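File shown: protein.cif (mmCIF, C-alpha atoms).
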data_input
loop_
_atom_site.label_atom_id
_atom_site.label_comp_id
_atom_site.auth_asym_id
_atom_site.auth_seq_id
_atom_site.Cartn_x
_atom_site.Cartn_y
_atom_site.Cartn_z
CA MET A 1 -10.70 -78.70 24.56
CA ARG A 2 -9.21 -75.48 23.19
CA ALA A 3 -6.66 -75.40 26.00
CA TRP A 4 -4.40 -77.99 24.38
CA ILE A 5 -4.92 -77.30 20.68
CA MET A 6 -1.54 -76.95 18.93
CA LYS A 7 -1.15 -73.99 16.59
CA LYS A 8 1.59 -75.69 14.59
CA ALA A 9 3.32 -79.05 14.32
CA PRO A 10 5.91 -79.62 17.08
CA LYS A 11 9.54 -79.51 15.92
CA SER A 12 9.94 -83.21 16.76
CA LEU A 13 7.29 -84.05 14.13
CA ARG A 14 8.85 -81.92 11.38
CA LEU A 15 11.32 -83.04 8.74
CA GLN A 16 14.71 -81.90 10.08
CA ILE A 17 16.96 -80.43 7.36
CA GLY A 18 20.54 -79.69 8.39
CA LEU A 19 22.48 -77.04 6.45
CA PHE A 20 26.23 -77.68 6.42
CA GLY A 21 29.20 -76.03 4.78
CA ARG A 22 32.28 -73.91 5.32
CA THR A 23 32.08 -70.53 6.95
CA ASN A 24 30.92 -67.90 4.48
CA VAL A 25 29.76 -70.45 1.91
CA GLY A 26 26.27 -68.89 2.03
CA LYS A 27 24.28 -71.22 4.32
CA SER A 28 22.39 -68.37 5.97
CA SER A 29 21.74 -66.70 2.61
CA PHE A 30 20.44 -70.01 1.29
CA LEU A 31 18.10 -70.33 4.29
CA ASN A 32 16.83 -66.80 3.72
CA CYS A 33 16.32 -67.59 0.03
CA VAL A 34 14.31 -70.74 0.72
CA SER A 35 12.19 -69.19 3.46
CA GLY A 36 11.69 -65.91 1.61
CA GLN A 37 12.52 -64.08 4.84
CA ASP A 38 15.56 -62.59 6.54
CA VAL A 39 15.73 -65.40 9.07
CA ALA A 40 19.50 -65.49 9.55
CA ILE A 41 21.97 -62.62 9.70
CA THR A 42 24.31 -62.58 6.72
CA SER A 43 27.57 -60.74 6.08
CA PRO A 44 30.77 -61.24 4.08
CA PHE A 45 32.68 -61.88 7.30
CA PRO A 46 33.33 -65.56 8.21
CA GLY A 47 31.73 -66.84 11.41
CA THR A 48 28.66 -64.58 11.34
CA THR A 49 26.43 -67.53 12.31
CA SER A 50 27.57 -68.18 15.86
CA ASP A 51 24.96 -70.75 16.87
CA VAL A 52 22.47 -73.11 15.26
CA VAL A 53 19.61 -71.09 13.73
CA GLU A 54 16.29 -72.96 13.50
CA LYS A 55 13.57 -71.98 11.05
CA THR A 56 10.25 -73.84 11.05
CA MET A 57 8.00 -73.54 8.03
CA GLU A 58 5.48 -75.33 5.84
CA LEU A 59 7.28 -76.36 2.66
CA LEU A 60 4.40 -77.69 0.57
CA PRO A 61 3.96 -80.34 -0.68
CA VAL A 62 6.73 -81.74 1.57
CA GLY A 63 4.90 -80.60 4.72
CA PRO A 64 6.15 -79.21 8.05
CA VAL A 65 9.94 -78.85 8.13
CA VAL A 66 12.61 -77.21 10.28
CA PHE A 67 15.85 -75.94 8.75
CA LEU A 68 18.94 -76.12 10.99
CA ASP A 69 21.54 -73.56 9.90
CA THR A 70 24.87 -74.54 11.46
CA ALA A 71 28.05 -72.59 12.11
CA GLY A 72 30.83 -73.48 9.67
CA MET A 73 32.91 -76.37 10.96
CA ASP A 74 36.08 -74.78 9.65
CA ASP A 75 35.53 -71.89 12.08
CA THR A 76 38.81 -70.72 13.68
CA SER A 77 37.42 -67.99 15.95
CA VAL A 78 37.86 -67.88 19.73
CA LEU A 79 34.57 -69.73 20.30
CA SER A 80 35.07 -72.12 17.39
CA ASP A 81 35.24 -75.32 19.46
CA LYS A 82 31.90 -74.66 21.16
CA ARG A 83 30.27 -73.67 17.88
CA ILE A 84 31.58 -76.72 16.07
CA ASN A 85 30.48 -79.09 18.85
CA LYS A 86 26.95 -77.67 18.64
CA ALA A 87 26.97 -77.99 14.86
CA ARG A 88 28.11 -81.61 15.09
CA LYS A 89 25.04 -82.50 17.16
CA ILE A 90 22.93 -81.52 14.15
CA PHE A 91 24.38 -84.55 12.33
CA ASP A 92 22.42 -86.78 14.70
CA ARG A 93 19.26 -84.74 14.33
CA SER A 94 19.12 -84.29 10.56
CA ASP A 95 16.72 -86.37 8.46
CA VAL A 96 18.25 -84.83 5.33
CA MET A 97 21.59 -83.02 5.07
CA VAL A 98 22.16 -80.14 2.67
CA LEU A 99 25.84 -79.52 2.01
CA LEU A 100 26.65 -76.17 0.43
CA VAL A 101 29.90 -75.86 -1.50
CA GLU A 102 31.55 -73.24 -3.69
CA PRO A 103 32.33 -73.97 -7.36
CA ASP A 104 35.51 -76.03 -7.73
CA ARG A 105 36.26 -76.13 -4.02
CA TRP A 106 36.32 -79.58 -2.43
CA ASP A 107 38.77 -81.17 -0.05
CA SER A 108 38.89 -83.14 3.21
CA TYR A 109 36.37 -80.83 4.90
CA GLU A 110 33.55 -81.57 2.43
CA ALA A 111 34.59 -85.23 2.25
CA GLY A 112 34.28 -85.42 6.04
CA ILE A 113 30.70 -84.14 5.93
CA ILE A 114 29.82 -86.78 3.35
CA GLU A 115 31.45 -89.46 5.51
CA GLU A 116 29.41 -88.35 8.54
CA ALA A 117 26.25 -88.65 6.43
CA ARG A 118 27.20 -92.13 5.24
CA GLU A 119 27.88 -93.28 8.79
CA ARG A 120 24.34 -92.27 9.76
CA ASN A 121 22.78 -93.37 6.47
CA THR A 122 21.46 -89.82 6.06
CA PRO A 123 20.64 -88.67 2.51
CA VAL A 124 22.55 -85.63 1.20
CA ILE A 125 21.67 -82.85 -1.23
CA LEU A 126 24.70 -81.04 -2.67
CA VAL A 127 24.14 -77.34 -3.36
CA VAL A 128 26.78 -75.59 -5.46
CA ASN A 129 26.26 -72.02 -4.29
CA LYS A 130 27.64 -68.67 -5.50
CA ILE A 131 27.33 -69.51 -9.21
CA ASP A 132 26.94 -65.76 -9.74
CA GLN A 133 30.68 -65.54 -8.99
CA GLY A 134 31.67 -68.35 -11.33
CA GLN A 135 30.37 -71.57 -12.84
CA PRO A 136 31.70 -74.96 -11.66
CA SER A 137 33.93 -76.84 -14.07
CA ALA A 138 32.82 -80.01 -15.82
CA ALA A 139 35.47 -81.97 -13.92
CA PHE A 140 34.16 -80.68 -10.59
CA MET A 141 30.56 -81.56 -11.46
CA GLY A 142 31.68 -84.99 -12.58
CA ARG A 143 33.31 -85.55 -9.21
CA LEU A 144 30.11 -84.55 -7.42
CA THR A 145 27.91 -86.85 -9.50
CA GLU A 146 30.07 -89.77 -8.36
CA LEU A 147 28.91 -88.98 -4.82
CA THR A 148 25.23 -88.28 -5.47
CA GLU A 149 22.76 -87.42 -8.20
CA ASN A 150 21.03 -84.91 -5.91
CA ILE A 151 22.86 -81.77 -7.00
CA MET A 152 21.53 -78.27 -7.54
CA LEU A 153 23.24 -75.10 -8.71
CA CYS A 154 22.16 -71.79 -7.24
CA SER A 155 23.01 -68.28 -6.25
CA SER A 156 21.26 -67.70 -2.94
CA ILE A 157 21.27 -63.94 -3.49
CA ASP A 158 19.55 -64.24 -6.87
CA THR A 159 15.98 -63.50 -5.80
CA GLY A 160 14.73 -63.59 -9.37
CA ASN A 161 15.37 -67.34 -9.55
CA ARG A 162 14.16 -68.14 -6.02
CA ASP A 163 11.16 -70.21 -7.19
CA LYS A 164 13.41 -72.28 -9.42
CA TYR A 165 15.81 -73.03 -6.58
CA VAL A 166 13.07 -73.79 -4.05
CA ASN A 167 11.24 -76.11 -6.46
CA THR A 168 14.46 -78.03 -7.15
CA LEU A 169 15.06 -78.39 -3.40
CA LYS A 170 11.49 -79.60 -2.88
CA LYS A 171 11.93 -82.20 -5.61
CA TYR A 172 14.96 -83.67 -3.86
CA LEU A 173 13.37 -83.50 -0.41
CA ILE A 174 10.32 -85.43 -1.60
CA LYS A 175 12.60 -88.00 -3.19
CA LEU A 176 14.81 -88.39 -0.10
CA CYS A 177 12.20 -87.93 2.62
CA PRO A 178 12.57 -90.78 5.15
CA GLU A 179 9.82 -93.38 5.07
CA ASP A 180 9.07 -92.87 8.77
CA PHE A 181 8.31 -89.20 8.04
CA LEU A 182 5.95 -89.92 5.17
CA ASN A 183 4.37 -92.82 7.08
CA PRO A 184 5.25 -92.28 10.76
CA PRO A 185 4.81 -95.23 13.14
CA PRO A 186 1.43 -95.03 14.87
CA LEU A 187 1.01 -94.33 18.55
CA ILE A 188 -2.23 -96.26 19.16
CA GLY A 189 -3.78 -96.48 15.70
CA ASP A 190 -2.81 -100.14 15.28
CA LEU A 191 -3.61 -101.09 18.89
CA VAL A 192 -7.29 -100.15 18.84
CA PRO A 193 -9.79 -101.09 16.12
CA SER A 194 -11.66 -98.40 14.24
CA GLY A 195 -14.61 -97.40 16.42
CA GLY A 196 -12.86 -98.72 19.54
CA LEU A 197 -12.19 -96.94 22.81
CA ALA A 198 -8.94 -95.86 24.46
CA VAL A 199 -8.99 -94.58 28.04
CA LEU A 200 -6.19 -92.18 28.92
CA ILE A 201 -5.32 -91.61 32.57
CA VAL A 202 -3.84 -88.12 32.78
CA PRO A 203 -2.64 -86.87 36.17
CA ILE A 204 -2.83 -83.12 36.62
CA ASP A 205 0.32 -82.51 38.66
CA LEU A 206 3.08 -79.92 38.92
CA GLU A 207 4.62 -81.02 35.60
CA ALA A 208 1.38 -80.45 33.67
CA PRO A 209 1.55 -76.98 32.05
CA LYS A 210 -1.18 -74.65 33.23
CA GLY A 211 -4.26 -74.81 31.03
CA ARG A 212 -2.74 -77.49 28.77
CA LEU A 213 -1.81 -81.14 28.54
CA ILE A 214 1.74 -82.32 27.95
CA LEU A 215 2.82 -83.18 24.42
CA PRO A 216 2.64 -87.02 24.60
CA GLN A 217 -0.94 -86.89 25.83
CA VAL A 218 -2.00 -84.47 23.11
CA GLN A 219 -0.34 -86.54 20.40
CA VAL A 220 -1.96 -89.78 21.58
CA ILE A 221 -5.37 -88.08 21.55
CA ARG A 222 -4.74 -86.81 18.03
CA ASP A 223 -3.53 -90.22 16.84
CA GLY A 224 -6.68 -91.81 18.23
CA LEU A 225 -8.90 -89.29 16.44
CA ASP A 226 -6.95 -89.75 13.20
CA ASN A 227 -7.65 -93.50 13.40
CA ASP A 228 -11.37 -93.21 14.28
CA VAL A 229 -10.79 -94.21 17.90
CA SER A 230 -12.90 -92.74 20.71
CA VAL A 231 -10.74 -91.30 23.50
CA LEU A 232 -11.86 -90.94 27.10
CA VAL A 233 -9.57 -88.78 29.25
CA VAL A 234 -9.76 -89.08 33.04
CA LYS A 235 -7.63 -88.44 36.11
CA GLU A 236 -6.39 -91.41 38.12
CA ARG A 237 -8.93 -90.93 40.91
CA GLU A 238 -11.88 -90.93 38.50
CA PHE A 239 -10.66 -93.91 36.45
CA PRO A 240 -12.35 -96.76 38.40
CA HIS A 241 -15.70 -94.97 38.39
CA ALA A 242 -15.38 -94.16 34.67
CA VAL A 243 -14.69 -97.81 33.78
CA GLN A 244 -17.67 -98.99 35.84
CA ASN A 245 -19.95 -96.64 33.90
CA LEU A 246 -18.85 -97.94 30.50
CA LYS A 247 -21.27 -100.31 28.75
CA THR A 248 -18.36 -102.17 27.15
CA ALA A 249 -14.79 -102.55 28.28
CA PRO A 250 -12.18 -100.25 26.67
CA ASP A 251 -9.79 -101.69 24.13
CA ILE A 252 -6.78 -100.21 25.92
CA VAL A 253 -5.92 -98.10 28.96
CA ILE A 254 -2.88 -95.80 28.86
CA CYS A 255 -1.50 -93.93 31.86
CA ASP A 256 1.33 -91.74 33.04
CA SER A 257 4.17 -93.97 34.30
CA GLN A 258 4.01 -92.48 37.79
CA VAL A 259 0.54 -93.94 38.39
CA VAL A 260 1.17 -97.28 36.69
CA MET A 261 0.63 -99.38 39.85
CA LYS A 262 -2.77 -97.84 40.52
CA MET A 263 -3.73 -98.12 36.85
CA VAL A 264 -2.86 -101.84 36.76
CA ALA A 265 -4.74 -102.46 40.00
CA ASP A 266 -7.85 -100.68 38.70
CA THR A 267 -7.86 -102.12 35.16
CA PRO A 268 -9.80 -105.35 34.51
CA GLU A 269 -7.48 -108.29 33.81
CA ASP A 270 -8.89 -108.84 30.32
CA VAL A 271 -8.18 -105.21 29.24
CA LYS A 272 -4.81 -104.32 27.75
CA CYS A 273 -2.94 -101.48 29.39
CA THR A 274 0.33 -99.60 29.03
CA THR A 275 1.92 -96.18 29.60
CA PHE A 276 2.48 -93.08 27.47
CA SER A 277 6.24 -93.48 27.78
CA ILE A 278 6.10 -97.06 26.46
CA ILE A 279 3.86 -95.97 23.58
CA PHE A 280 6.46 -93.38 22.59
CA SER A 281 9.34 -95.81 23.01
CA ARG A 282 7.79 -97.88 20.24
CA CYS A 283 7.04 -94.85 18.04
CA LYS A 284 10.35 -93.00 18.45
CA GLY A 285 12.80 -95.77 19.29
CA ASP A 286 12.94 -99.57 19.66
CA LEU A 287 10.55 -100.97 22.28
CA ILE A 288 11.80 -104.53 21.86
CA GLU A 289 15.33 -103.48 22.80
CA ALA A 290 14.01 -101.30 25.62
CA ALA A 291 12.14 -104.29 27.04
CA ARG A 292 15.20 -106.51 26.71
CA ALA A 293 17.39 -103.89 28.40
CA ALA A 294 15.01 -103.63 31.37
CA ALA A 295 16.16 -107.04 32.52
CA VAL A 296 19.60 -105.51 33.12
CA ILE A 297 18.15 -103.58 36.09
CA GLU A 298 18.22 -106.89 37.95
CA THR A 299 22.01 -106.93 37.67
CA LEU A 300 22.66 -103.41 38.99
CA ARG A 301 24.89 -103.22 42.04
CA PRO A 302 26.12 -100.37 44.27
CA GLY A 303 28.79 -98.44 42.39
CA ASP A 304 27.29 -98.94 38.94
CA LYS A 305 26.74 -95.87 36.76
CA VAL A 306 23.40 -95.19 35.06
CA LEU A 307 22.55 -92.39 32.63
CA ILE A 308 19.08 -90.85 32.82
CA ALA A 309 18.44 -89.27 29.40
CA GLU A 310 15.67 -86.69 29.63
CA ALA A 311 15.00 -85.12 26.23
CA CYS A 312 12.82 -82.36 27.67
CA SER A 313 14.65 -79.22 28.70
CA HIS A 314 11.94 -77.83 30.98
CA HIS A 315 12.79 -76.61 34.48
CA ALA A 316 13.01 -79.65 36.75
CA ILE A 317 10.56 -79.77 39.66
CA GLU A 318 11.58 -80.74 43.19
CA ASP A 319 10.42 -84.35 42.89
CA GLY A 320 10.87 -84.82 39.15
CA ILE A 321 10.56 -88.28 37.62
CA GLY A 322 13.93 -88.37 35.83
CA ARG A 323 16.15 -86.47 38.24
CA VAL A 324 14.72 -87.68 41.54
CA LYS A 325 12.26 -90.58 41.45
CA ILE A 326 13.92 -92.99 39.03
CA PRO A 327 17.38 -92.62 40.68
CA ARG A 328 15.75 -93.15 44.10
CA TRP A 329 13.90 -96.25 42.95
CA LEU A 330 17.06 -97.63 41.31
CA ARG A 331 19.02 -97.22 44.55
CA GLN A 332 16.25 -98.96 46.47
CA TYR A 333 16.22 -101.81 43.98
CA ALA A 334 20.00 -102.21 43.88
CA GLY A 335 20.50 -101.71 47.59
CA GLY A 336 21.95 -98.20 47.32
CA GLY A 337 25.05 -96.68 45.77
CA ILE A 338 23.86 -96.31 42.16
CA GLU A 339 25.52 -93.28 40.51
CA ALA A 340 22.89 -91.64 38.31
CA ASP A 341 23.89 -88.92 35.84
CA VAL A 342 21.19 -86.88 34.12
CA SER A 343 21.36 -85.34 30.64
CA SER A 344 18.59 -83.04 29.46
CA GLY A 345 17.45 -81.73 26.11
CA ARG A 346 19.98 -82.37 23.37
CA ASP A 347 22.97 -82.22 25.74
CA TYR A 348 23.69 -85.93 25.34
CA PRO A 349 27.11 -87.12 26.63
CA GLY A 350 29.84 -87.65 24.09
CA ASP A 351 31.21 -90.66 26.02
CA ILE A 352 28.66 -93.20 27.24
CA SER A 353 30.97 -96.19 27.51
CA GLY A 354 31.14 -96.08 31.32
CA TYR A 355 27.44 -96.62 31.93
CA LYS A 356 25.93 -99.96 32.90
CA LEU A 357 22.52 -98.85 31.62
CA ILE A 358 20.86 -95.88 29.93
CA ILE A 359 17.26 -95.04 30.84
CA HIS A 360 15.73 -92.81 28.17
CA CYS A 361 12.51 -90.84 28.33
CA GLY A 362 9.78 -91.32 25.74
CA ALA A 363 11.63 -88.90 23.40
CA CYS A 364 8.51 -86.97 22.40
CA MET A 365 10.75 -83.89 21.88
CA LEU A 366 13.23 -85.73 19.62
CA THR A 367 12.88 -86.97 16.07
CA ARG A 368 12.78 -90.70 15.45
CA ARG A 369 16.09 -90.49 13.57
CA GLU A 370 17.77 -88.68 16.46
CA THR A 371 16.49 -91.23 18.97
CA LEU A 372 17.52 -94.18 16.83
CA PHE A 373 21.01 -92.75 16.42
CA ARG A 374 21.34 -92.52 20.19
CA LEU A 375 20.38 -96.19 20.37
CA HIS A 376 22.88 -96.97 17.62
CA ARG A 377 25.68 -95.23 19.52
CA ALA A 378 24.80 -97.13 22.69
CA GLY A 379 24.80 -100.40 20.76
CA GLN A 380 28.29 -99.68 19.45
CA GLU A 381 29.46 -99.16 23.05
CA GLY A 382 27.64 -102.24 24.32
CA VAL A 383 25.42 -100.17 26.65
CA PRO A 384 21.77 -101.32 26.90
CA VAL A 385 19.06 -98.65 26.66
CA THR A 386 15.66 -98.96 28.27
CA ASN A 387 12.83 -96.46 28.69
CA TYR A 388 11.28 -94.51 31.58
CA GLY A 389 7.96 -96.35 31.42
CA VAL A 390 9.57 -99.75 30.95
CA CYS A 391 12.00 -99.15 33.82
CA ILE A 392 9.37 -97.86 36.26
CA SER A 393 6.99 -100.70 35.45
CA PHE A 394 9.77 -103.24 35.94
CA MET A 395 10.73 -101.90 39.36
CA HIS A 396 7.09 -101.88 40.44
CA GLY A 397 6.54 -105.46 39.31
CA VAL A 398 3.97 -104.75 36.57
CA LEU A 399 6.08 -104.76 33.39
CA LYS A 400 4.60 -107.93 31.95
CA ARG A 401 1.12 -106.45 32.27
CA VAL A 402 1.95 -103.16 30.54
CA LEU A 403 3.79 -104.98 27.76
CA SER A 404 0.70 -107.07 27.03
CA PRO A 405 -0.23 -104.97 23.95
CA PHE A 406 3.24 -105.69 22.51
CA PRO A 407 3.86 -109.47 22.35
CA ALA A 408 7.28 -109.21 20.68
CA ALA A 409 8.56 -106.82 23.36
CA LEU A 410 7.13 -109.01 26.13
CA ASP A 411 8.81 -112.08 24.64
CA ALA A 412 12.15 -110.24 24.42
CA PHE A 413 11.90 -109.22 28.08
CA GLU A 414 11.02 -112.72 29.25
CA ARG A 415 13.84 -114.32 27.26
CA GLU A 416 16.43 -111.84 28.53
CA THR A 417 15.16 -112.17 32.10
CA SER A 418 15.48 -115.93 31.90
CA ARG A 419 18.99 -115.68 30.50
CA ILE A 420 20.13 -113.23 33.18
CA LYS A 421 18.59 -115.26 36.01
CA LYS A 422 20.41 -118.38 34.86
CA GLU A 423 23.65 -116.45 34.61
CA MET A 424 23.20 -114.94 38.08
CA MET A 425 22.35 -118.30 39.62
CA ASN A 426 25.42 -119.85 38.01
CA ASN A 427 27.48 -117.04 39.53
CA GLY A 428 25.90 -117.50 42.96
CA CYS A 429 23.99 -114.19 42.91
CA GLY A 430 20.56 -113.65 44.42
CA ILE A 431 17.60 -112.45 42.39
CA GLY A 432 14.29 -110.77 43.04
CA ARG A 433 15.65 -108.43 45.69
CA TYR A 434 12.77 -105.94 45.78
CA GLN A 435 9.29 -106.28 44.35
CA VAL A 436 7.44 -103.20 45.61
CA LEU A 437 8.92 -99.71 45.82
CA ASP A 438 7.63 -96.58 47.47
CA ARG A 439 5.55 -94.29 45.27
#

Now that the file is in, can you turn its structure into structure tokens?
Amino acid sequence: MRAWIMKKAPKSLRLQIGLFGRTNVGKSSFLNCVSGQDVAITSPFPGTTSDVVEKTMELLPVGPVVFLDTAGMDDTSVLSDKRINKARKIFDRSDVMVLLVEPDRWDSYEAGIIEEARERNTPVILVVNKIDQGQPSAAFMGRLTELTENIMLCSSIDTGNRDKYVNTLKKYLIKLCPEDFLNPPPLIGDLVPSGGLAVLIVPIDLEAPKGRLILPQVQVIRDGLDNDVSVLVVKEREFPHAVQNLKTAPDIVICDSQVVMKMVADTPEDVKCTTFSIIFSRCKGDLIEAARAAAVIETLRPGDKVLIAEACSHHAIEDGIGRVKIPRWLRQYAGGGIEADVSSGRDYPGDISGYKLIIHCGACMLTRRETLFRLHRAGQEGVPVTNYGVCISFMHGVLKRVLSPFPAALDAFERETSRIKKEMMNNGCGIGRYQVLDR
């Protein structure tokens, strides 16, 4: 079991703290002060931070966090546009935003940062830095208190007062910490009773890292152990034999989406089953909306554009699920001609309005806030978003079975399917074009 033990919490499970402010306001110095290390290069010259600097640490009693030190958005250097675009993506990722300002300096730039935070409903801590160079006026502080009560004064180069500054920051972080960080949604803890059994079907293929399991599998195992659930891990070929040897039926079976047809065929009808991707869609995003959006696949026609959003940034293999298999299955289902674009990692398109559907991975590498903001953006553009596991199960005709552990999601899918079928029939369109796809 040592092969997959994690030495530290993955970044996607850490509280994401974005540091924002003008160039040379002291963001990197502040990060160094909080961490107690020279994490970021500092200098009196504007634009020293040329890219997002990430620092993971344990900030007790808050817990595991990652600080995201951004380039100043008032950067006017040659590469300023690229730096600013990268910094802007941190808005979507931040669970808490820390805005550093100088005493008595506030205009449209700082106001814009606050507006971005309000749009995302992201809490803000205001840090008045460089108080060693001058104290803020009473009028300035009064203006800040109208915006938030989470204000701290500091000099990030004053090492003698470091503990004071860090303790004040911790106080605000504990106060503002999102509820889904303090009490994250479970993966399987509420699906299996204490003392129950979950069987995980884990293919060992080219995408499985040597000597380890992939992150979703590890996290589901850990969630089961945390909730006093026994976990049996098998490969797809050994699954039928393993089930036959059990004295009692498992409470749930969970598989990789690529073997979902075999899993459904081999799982007793009275046993609930689903996929890792669907489990993560519920934990990181909105499974009910993903199930509803799956019905849109029935309406796809040649010429439609689909976005495949793959949050992992690993090197794609020759027959990868997101880049190759899902687009191929979509074209089979729609009769060819589907234009499938792929985004990977955090390189999410700025304009998604032209897509008929977005198919998102399980988002194990993203924070819940980041995933939900992507869904929010898609909702504003009227673009439905479904999930890898939901999509694959739909196209292979087993979606209702793998949604059985989630009655609300199943109901949403059935209602939307019924609505779309009626609409298509009224428009003279055929339905149910393909039921079984190649594997």

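Here CA of Gly337 in chain A and CA of Ser353 in chain A stand 19.2 Å from one another.
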
key: Nearest candidate to Ile326 in chain A (options A:Met152, A:Cys364, A:Ile392, A:Met261; using only C-alpha atoms)   =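 Nearest candidate to Ile326 in chain A out of A:Met152, A:Cys364, A:Ile392, A:Met261: A:Ile392.
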
task = Just the residues within 10 Å of Val96 in chain A, please, counting all atoms listed in the file, with nothing from its chain fewer than 4 positions along; format it as a list in words.
result =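 Using all atoms listed in the file, the neighbours found are Leu15, Gln16, Ile17, Gly18, Leu19, Phe67, Phe91, Ala117, Asn121, Thr122, Pro123, Val124, Ile125, Tyr172, Leu173, Leu176, Cys177 and Pro178 of chain A.
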
inquiry  = Going by the chain IDs and residue numbers used in this file, which residues fall under the PyMOL selection byres ((chain A and resi 158-165) around 12)? Write them as a count of residues only.
reply    = 30

How close does each residue of range 207-307 of chain A get to range 187-196 of chain A, giving the shortest atom pair and distance in Å to one decimal for every residue with an atom at most 9 Å away, counting only C-alpha atoms, sorted by chain and residue number, as a Markdown table?
| residue | atom | partner | partner_atom | distance |
| --- | --- | --- | --- | --- |
| A:Gln219 | CA | A:Leu187 | CA | 8.1 |
| A:Val220 | CA | A:Leu187 | CA | 6.2 |
| A:Asp223 | CA | A:Leu187 | CA | 6.4 |
| A:Gly224 | CA | A:Gly189 | CA | 6.1 |
| A:Leu225 | CA | A:Gly189 | CA | 8.9 |
| A:Asp226 | CA | A:Gly189 | CA | 7.8 |
| A:Asn227 | CA | A:Gly189 | CA | 5.4 |
| A:Asp228 | CA | A:Ser194 | CA | 5.2 |
| A:Val229 | CA | A:Gly195 | CA | 5.2 |
| A:Ser230 | CA | A:Gly196 | CA | 6.1 |
| A:Val231 | CA | A:Gly196 | CA | 8.7 |
| A:Pro250 | CA | A:Gly196 | CA | 7.3 |
| A:Asp251 | CA | A:Val192 | CA | 6.1 |
| A:Ile252 | CA | A:Val192 | CA | 7.1 |
| A:Ile279 | CA | A:Leu187 | CA | 6.0 |
| A:Phe280 | CA | A:Leu187 | CA | 6.9 |
| A:Arg282 | CA | A:Leu187 | CA | 7.8 |
| A:Cys283 | CA | A:Leu187 | CA | 6.1 |

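If you apply the PyMOL selection byres ((chain A and resi 249) around 9) to this structure, you end up with Leu197, Val243, Gln244, Leu246, Lys247, Thr248, Pro250, Asp251, Ile252, Pro268, Asp270 and Val271 of chain A.
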
task = Check the smallest atom-to-atom distance from each of A:Glu102, A:Asp95, A:Glu54, A:Asp411 to Arg120 in chain A using only C-alpha atoms, then report the winner.
result = A:Asp95

query = CA of His360 in chain A and CA of Leu330 in chain A, how far apart in Å?
reply =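 Distance reported for this atom pair: 14.1 Å.
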